[in-house]
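A.B. asks: Sending over a structure as structure tokens; questions will come in a sec.
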Amino acid sequence: MSAPRPALETATMVRAGEERAADILEHHLAVIDAGEESVHAFNLVLADSARAQAHAVDAKVAAGEDPGPLAGVPVALKDNLCTRGVPTTCSSRILDGWRPPYDATVVTRLAEAGAVVIGKTNMDEFAMGSSTETSAFGTTRNPHDTTRVPGGSSGGSAAAVAAGFAPLALGSDTGGSIRQPAALCGVVGMKPTYGTVSRYGLVAFASSLDQIGPFAHTVADAALLFDVIGGHDPLDSTSLHRPTPRVLSVLDDGVDGMTVGVLTEFLDGAAPDVVARVRQAADALAGAGARVEEVSVPEVTLGLSAYYLIAPGEASSNLARYDGVRYGLRVDAEDTVAMNTATRSEGFGAEVKRRIMLGTYVLSAGYMDAYYNQALKVRTKIIEGFAAAYGRVDVLLGPTAPTTAFAIGAKVDDPLTMYLSDVCTIPSNLAGHPAISVPFGPGDDGLPVGVQLLGPALSEGTLFQVAAAVEAAAPDLPAPRLTTGAPS
Amino acid sequence: MAEPARLTREDVAHVAALARLHLSEEELDLFTGQLAQVLDHAADVASLDLAGVPPTAHAMAVTNVLRPDEPAPCLDRDEVLAQAPSVEDHRFRVPRILGEAP
């Protein structure tokens with residue numbers, strides 16, 4: 001598989017009339033045809049509507065109009081982003097047959113930028129998982145080794161980009177659901193500052209943590225997509241009224257004079273080959289002119305526990321809406337409460353049930369102070385810990401995930417072990433901060449390693465700048481070995 | 001803060017009923033063990049002395065968000081109702097909601 005052409009280059013050529021959006025789309029549909037059976041990145045490939053969008057882009061160019069910065073670029077959408085009239089399942093049976101009556105704001109912005117929506121990607125059910133194995137529609141497989149998980153919950157989006165099915169994809173990140181699969185699939189994935197990207201039309205999991213963000217092959221392409229989707233939206237009451245950082249324009253500014261802190265707590269639980277790559281990335285940044293020092297933020301070690309009290313609490317409330325009344329599945333019963341119960345029991349998978357019950361429990365009378373309220377205080381401590389670190393350094397560096405991609409089936413029966421996959425990504429969600437995962441060569445098993453850069457709120461410009469420097473120094477990663485045949 | 005008592009099978013059954021979930025006997029056993037394990041892990045948080053630390057429910061401070069009170073189109077009623085499992089006279093139809101039939 002040759003290196004995919006960057007989205008930036010594709011859009012430039014389409015805008016200049018040197019290449020047709022329709023041809024670019026057909027190329028990607030052919031790649032999907034050849035590889036999707038072994039990867040299962042998509043819940044739905046939207047060939048027909050994508051062809052219509054591509055033709056509209058070409059017609060604009062022919063008429064002398066500019067289709068926008070993503071002209072003719074295929075984009076894959078995680079299947080928890082609402083698309084009007086197009087099934088949106090969250091990989092759950094409970095949304096069986098649902099066609100949203102509106103588009104998510106990010107979907108509208110993609111259309112306005114000339115992008116072509118190529119399909120809806122598989123995910124852990126309601127984004128609850130770290131491997132895409134909790135999907136009701138079967139697991140997605142890692143294009144670098146189809147016996148391994150792609151990570152999750154946005155595993156379909158990460159795998160789609162890694163396999164060359166689409167140059168860009170959107171995911172959502174509640175506790176690492178963009179960055180962890182990006183790391184495991186060898187692509188760039190970024191979680192923005194809470195409130196910079198509208199959540200309107202993102203099916204809610206944990207509302208105070210969820211953010212939509214980009215997947216791409218390169219840091220520059222991720223920056224291009226972030227610039228398109230970011231910015232205030234009156235339809236999301238948590239959307240920030242502050243200017244969203246523009247990132248594409250600062251990518252080449254370098255790291256000279258910056259201070260990078262290697263976050264020691266994140267190294268403690270990580271595999272030796274992952275730690276070695278983080279050290280190598282730190283050395284590369286030092287070589288590029290940054291000052292590098294070790295930084296300890298002890299509070300982040302409490303992140304995992306706090307997250308698994310807060311996120312299920314919010315989820316138990318958000319998922320109360322799936323009651324068989326207004327949309328999706330209904331399992332008939334003699335009265336409404338029995339109908340609600342039958343619908344939810346049949347429609348939700350095991351992981352979603354676990355988290356709803358955990359959340360209901362920690363919010364119930366007698367336990368709320370001990371668990372949920374205590375976790376909210378830990379959240380304050382984590383924010384204070386980061387603030388102290390960012391008084392000394394511009395960005396923090398660590399692994400994205402403790403290991404490379406694990407085998408399908410290895411952790412799915414052991415929830416707590418699965419949850420530990422997110423130990424390095426959760427603190428940024430709790431703090432509302434941005435973070436980005438950049439591929440940094442293979443681990444000892446030949447599979448991708450991601451290094452993570454973390455910054456304070458609204459530091460996207462700095463983060464992308466440092467990410468570009470990390471990318472420039474990254475060791476080569478073998479191309480995905482994906483074939484249409486048996487797993488490698 | 002004192003640690004709460006360990007989660008029991010009865011707790012899980014009670015919580016499932018609150019959450020409108022019906023669990024089989026096997027699911028009750030499985031989930032009781034798994035949820036207790038997660039809560040045991042959370043003991044590091046539950047046992048911390050955090051008196052005086054303010055809680056953070058939301059990382060980015062936002063206060064009352066208002067918009068101009070101007071009429072604007074809303075979702076199309078027919079399009080919305082078309083998604084419902086059962087509809088009658090432009091309303092969502094559900095089975096009886098009281099314990100006794102009228």
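FYI, nothing fancy with the structure tokens labels: chains A, B, ... in order, residues from 1 per chain, ligands from 1 as they appear.
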Pull out every residue of chain B sitting within 8 Å of chain A, counting only C-alpha atoms, and send them as a PyMOL selection string.
C.D. replies: chain B and resi 1-4+12+15-16+18-23+31+34-35+37-38+41-42+44-46+50+53-60+62+65+67+75-76+79-81+83-86+92-99
A.B. asks: For segment 275-278 of chain A, find every residue with an atom within 8 Å (counting only C-alpha atoms), except residues of its own chain fewer than 5 positions away, and show them as number ranges by chain.
C.D. replies: A: 267, 270, 397-399, 440-441, 443, 449, 451
A.B. asks: Considering only C-alpha atoms, return as an NGL selection string whatever protein or nucleic-acid residues lie within 10 Å of Val106 of chain A, sequence-local ones (same chain, fewer than 6 positions apart) excluded.
C.D. replies: :A and (77 or 81-83 or 112 or 170 or 197-202 or 212-213 or 228-230 or 233)
A.B. asks: Go ahead and write the residues just picked, N, CA and C atoms, as a PDB file, in the first residue's frame.
C.D. replies:
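Result file out.pdb:
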ATOM      1  N   LEU A  77     -17.390   9.220   9.244  1.00  0.00           N
ATOM      2  CA  LEU A  77     -17.981   9.737  10.484  1.00  0.00           C
ATOM      3  C   LEU A  77     -18.249   8.608  11.458  1.00  0.00           C
ATOM      4  N   LEU A  81     -22.531  10.360  15.292  1.00  0.00           N
ATOM      5  CA  LEU A  81     -22.726  11.714  14.792  1.00  0.00           C
ATOM      6  C   LEU A  81     -23.971  11.708  13.897  1.00  0.00           C
ATOM      7  N   CYS A  82     -24.934  12.538  14.242  1.00  0.00           N
ATOM      8  CA  CYS A  82     -26.222  12.490  13.560  1.00  0.00           C
ATOM      9  C   CYS A  82     -26.119  12.975  12.125  1.00  0.00           C
ATOM     10  N   THR A  83     -26.724  12.190  11.236  1.00  0.00           N
ATOM     11  CA  THR A  83     -26.795  12.526   9.824  1.00  0.00           C
ATOM     12  C   THR A  83     -28.262  12.432   9.423  1.00  0.00           C
ATOM     13  N   GLU A 112     -20.278  22.311   4.287  1.00  0.00           N
ATOM     14  CA  GLU A 112     -19.956  23.687   3.875  1.00  0.00           C
ATOM     15  C   GLU A 112     -18.519  23.818   3.401  1.00  0.00           C
ATOM     16  N   LEU A 170     -13.872  11.617  11.611  1.00  0.00           N
ATOM     17  CA  LEU A 170     -14.200  12.231  12.901  1.00  0.00           C
ATOM     18  C   LEU A 170     -14.527  11.134  13.902  1.00  0.00           C
ATOM     19  N   VAL A 197     -15.407  22.432  19.919  1.00  0.00           N
ATOM     20  CA  VAL A 197     -16.130  21.814  18.809  1.00  0.00           C
ATOM     21  C   VAL A 197     -17.552  21.507  19.303  1.00  0.00           C
ATOM     22  N   SER A 198     -18.532  21.935  18.542  1.00  0.00           N
ATOM     23  CA  SER A 198     -19.932  21.772  18.958  1.00  0.00           C
ATOM     24  C   SER A 198     -20.289  20.306  19.149  1.00  0.00           C
ATOM     25  N   ARG A 199     -21.019  20.015  20.228  1.00  0.00           N
ATOM     26  CA  ARG A 199     -21.522  18.655  20.457  1.00  0.00           C
ATOM     27  C   ARG A 199     -22.951  18.495  19.929  1.00  0.00           C
ATOM     28  N   TYR A 200     -23.499  19.524  19.294  1.00  0.00           N
ATOM     29  CA  TYR A 200     -24.862  19.397  18.759  1.00  0.00           C
ATOM     30  C   TYR A 200     -24.899  18.258  17.738  1.00  0.00           C
ATOM     31  N   GLY A 201     -25.735  17.279  17.994  1.00  0.00           N
ATOM     32  CA  GLY A 201     -25.829  16.145  17.075  1.00  0.00           C
ATOM     33  C   GLY A 201     -24.847  15.033  17.365  1.00  0.00           C
ATOM     34  N   LEU A 202     -24.039  15.167  18.420  1.00  0.00           N
ATOM     35  CA  LEU A 202     -23.235  14.046  18.914  1.00  0.00           C
ATOM     36  C   LEU A 202     -24.086  13.335  19.958  1.00  0.00           C
ATOM     37  N   ILE A 212     -15.787  16.059  20.118  1.00  0.00           N
ATOM     38  CA  ILE A 212     -15.544  15.537  18.774  1.00  0.00           C
ATOM     39  C   ILE A 212     -14.158  16.003  18.331  1.00  0.00           C
ATOM     40  N   GLY A 213     -13.447  15.152  17.599  1.00  0.00           N
ATOM     41  CA  GLY A 213     -12.134  15.562  17.105  1.00  0.00           C
ATOM     42  C   GLY A 213     -11.725  14.775  15.879  1.00  0.00           C
ATOM     43  N   VAL A 228     -11.746  23.351  10.387  1.00  0.00           N
ATOM     44  CA  VAL A 228     -13.076  23.349   9.766  1.00  0.00           C
ATOM     45  C   VAL A 228     -14.180  23.131  10.807  1.00  0.00           C
ATOM     46  N   ILE A 229     -13.960  22.207  11.745  1.00  0.00           N
ATOM     47  CA  ILE A 229     -15.060  21.833  12.661  1.00  0.00           C
ATOM     48  C   ILE A 229     -15.145  22.702  13.910  1.00  0.00           C
ATOM     49  N   GLY A 230     -14.064  23.423  14.244  1.00  0.00           N
ATOM     50  CA  GLY A 230     -14.040  24.190  15.488  1.00  0.00           C
ATOM     51  C   GLY A 230     -14.825  25.489  15.383  1.00  0.00           C
ATOM     52  N   ASP A 233     -20.876  27.539  18.456  1.00  0.00           N
ATOM     53  CA  ASP A 233     -22.149  27.102  17.862  1.00  0.00           C
ATOM     54  C   ASP A 233     -23.275  27.411  18.847  1.00  0.00           C
TER      55      ASP A 233
END
A.B. asks: Going by DSSP on the backbone, which bits of segment 140-379 of chain A are alpha helix (DSSP H)? Write them as a ChimeraX atom specification, please.
C.D. replies: /A:155-162,179-185,219-229,264-268,272-287,303-318,336-347,350-362,374-379
